[in-house]
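Structure record follows, encoded as structure tokens.
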Amino acid sequence: MPRAPYVEARRILEPLHDDMCVVYGPDDEDTVEIADALARIYLTLDGTHREAPET
């Protein structure tokens, strides 16, 4: 699968995750779900981009 959709999803989800951590905290169900999605994206991209966010 082309990398572009993963890169675009990462571009959107990273700042969303950062905001969700500030507003709701890292243990919030939706924040954790976003972190999980980002982790899958990082694995798909071979970990060549920013580290996965902490949950």
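Every chain in the structure tokens has a letter given in the order shown (A, B, ...), and although residue numbers restart at 1 in each chain, ligands are simply numbered from 1 in the order shown.
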Practice item. For segment 2-15 of chain A, please output as an MDAnalysis selection string all residues within 9 Å (counting only C-alpha atoms; exclusion window: fewer than 4 positions along the same chain). Key: chainID A and resid 19:20 34:35 37:38 41:42 44:45 53
Since we have the selection now, will you write its residues out, keeping all heavy atoms, as a CSV table (one decimal), in the first residue's frame?
```
chain,number,residue,atom,x,y,z
A,19,ASP,N,-3.2,17.3,21.7
A,19,ASP,CA,-4.3,18.1,22.2
A,19,ASP,C,-5.1,17.3,23.2
A,19,ASP,O,-5.5,17.7,24.3
A,19,ASP,CB,-5.2,18.7,21.1
A,19,ASP,CG,-4.5,19.8,20.3
A,19,ASP,OD1,-3.4,20.3,20.8
A,19,ASP,OD2,-5.0,20.2,19.3
A,20,MET,N,-5.4,16.1,22.8
A,20,MET,CA,-6.3,15.2,23.6
A,20,MET,C,-5.6,14.9,25.0
A,20,MET,O,-6.2,14.8,26.0
A,20,MET,CB,-6.6,13.9,22.9
A,20,MET,CG,-7.5,14.0,21.7
A,20,MET,SD,-9.2,14.3,22.1
A,20,MET,CE,-9.7,12.7,22.7
A,34,ILE,N,-6.4,6.8,19.8
A,34,ILE,CA,-5.6,7.6,18.8
A,34,ILE,C,-4.1,7.2,18.9
A,34,ILE,O,-3.5,7.0,17.9
A,34,ILE,CB,-5.7,9.1,19.1
A,34,ILE,CG1,-7.1,9.6,18.8
A,34,ILE,CG2,-4.7,9.9,18.2
A,34,ILE,CD1,-7.5,11.0,19.2
A,35,ALA,N,-3.6,7.0,20.2
A,35,ALA,CA,-2.3,6.5,20.4
A,35,ALA,C,-2.0,5.1,19.7
A,35,ALA,O,-1.0,4.9,19.1
A,35,ALA,CB,-1.9,6.5,21.8
A,37,ALA,N,-3.7,3.9,17.2
A,37,ALA,CA,-3.7,4.1,15.7
A,37,ALA,C,-2.4,4.6,15.3
A,37,ALA,O,-1.8,4.2,14.3
A,37,ALA,CB,-4.8,5.0,15.3
A,38,LEU,N,-1.8,5.6,16.0
A,38,LEU,CA,-0.5,6.1,15.7
A,38,LEU,C,0.6,5.1,15.8
A,38,LEU,O,1.5,5.0,14.9
A,38,LEU,CB,-0.2,7.3,16.6
A,38,LEU,CG,-0.8,8.6,16.2
A,38,LEU,CD1,-0.7,9.6,17.3
A,38,LEU,CD2,-0.3,9.2,14.9
A,41,ILE,N,0.5,3.0,12.7
A,41,ILE,CA,1.0,3.8,11.6
A,41,ILE,C,2.5,3.8,11.6
A,41,ILE,O,3.2,3.6,10.6
A,41,ILE,CB,0.4,5.2,11.6
A,41,ILE,CG1,-1.0,5.2,11.2
A,41,ILE,CG2,1.2,6.1,10.6
A,41,ILE,CD1,-1.8,6.5,11.5
A,42,TYR,N,3.1,4.0,12.8
A,42,TYR,CA,4.6,4.0,12.9
A,42,TYR,C,5.1,2.7,12.5
A,42,TYR,O,6.2,2.6,11.9
A,42,TYR,CB,5.0,4.4,14.4
A,42,TYR,CG,4.6,5.8,14.8
A,42,TYR,CD1,3.9,6.0,16.0
A,42,TYR,CD2,4.9,6.9,14.0
A,42,TYR,CE1,3.6,7.3,16.3
A,42,TYR,CE2,4.6,8.1,14.4
A,42,TYR,CZ,3.9,8.3,15.6
A,42,TYR,OH,3.5,9.6,16.0
A,44,THR,N,3.8,0.6,10.5
A,44,THR,CA,3.6,0.4,9.0
A,44,THR,C,4.7,1.2,8.3
A,44,THR,O,5.2,0.8,7.2
A,44,THR,CB,2.2,0.9,8.6
A,44,THR,OG1,1.3,0.1,9.3
A,44,THR,CG2,2.0,0.8,7.1
A,45,LEU,N,5.1,2.4,8.8
A,45,LEU,CA,6.1,3.2,8.2
A,45,LEU,C,7.5,2.8,8.7
A,45,LEU,O,8.5,3.5,8.5
A,45,LEU,CB,5.9,4.7,8.6
A,45,LEU,CG,4.6,5.3,8.0
A,45,LEU,CD1,4.4,6.7,8.6
A,45,LEU,CD2,4.6,5.3,6.5
A,53,PRO,N,3.6,8.0,20.5
A,53,PRO,CA,3.3,8.8,21.7
A,53,PRO,C,3.1,7.9,22.9
A,53,PRO,O,2.7,6.7,22.7
A,53,PRO,CB,2.0,9.5,21.3
A,53,PRO,CG,1.4,8.7,20.3
A,53,PRO,CD,2.5,8.1,19.5
```
Review point. Could you pull out the helix (DSSP H, G or I) residues of chain A from DSSP and send them as a ChimeraX atom specification?
Key: /A:4-24,29-44
Would you mind exporting the chosen residues as a compact mmCIF listing (two decimals), in the first residue's frame, restricted to C-alpha atoms?
```txt
# COMPACT_ATOMS: atom_id res chain seq x y z
CA ALA A 4 1.00 8.62 1.47
CA PRO A 5 -2.24 7.74 3.32
CA TYR A 6 -0.25 6.72 6.41
CA VAL A 7 1.84 9.86 6.33
CA GLU A 8 -1.29 12.00 5.97
CA ALA A 9 -3.03 10.17 8.83
CA ARG A 10 0.03 10.65 11.01
CA ARG A 11 0.12 14.34 10.14
CA ILE A 12 -3.47 14.72 11.32
CA LEU A 13 -3.42 12.39 14.32
CA GLU A 14 -0.18 13.56 15.99
CA PRO A 15 -1.43 17.06 16.88
CA LEU A 16 -4.86 15.65 17.75
CA HIS A 17 -3.23 13.20 20.16
CA ASP A 18 -1.15 15.99 21.72
CA ASP A 19 -4.28 18.11 22.24
CA MET A 20 -6.27 15.18 23.63
CA CYS A 21 -3.49 14.47 26.15
CA VAL A 22 -3.65 18.07 27.37
CA VAL A 23 -7.44 18.29 27.51
CA TYR A 24 -8.45 14.78 28.62
CA GLU A 29 -10.31 6.11 26.13
CA ASP A 30 -10.29 8.22 22.95
CA THR A 31 -6.72 9.42 23.57
CA VAL A 32 -5.57 5.82 23.96
CA GLU A 33 -7.37 4.83 20.77
CA ILE A 34 -5.59 7.60 18.84
CA ALA A 35 -2.26 6.51 20.36
CA ASP A 36 -2.93 2.94 19.26
CA ALA A 37 -3.71 4.09 15.72
CA LEU A 38 -0.51 6.13 15.66
CA ALA A 39 1.48 3.14 16.89
CA ARG A 40 0.13 1.02 14.03
CA ILE A 41 0.99 3.80 11.58
CA TYR A 42 4.56 4.02 12.93
CA LEU A 43 4.97 0.26 12.57
CA THR A 44 3.64 0.43 9.01
```
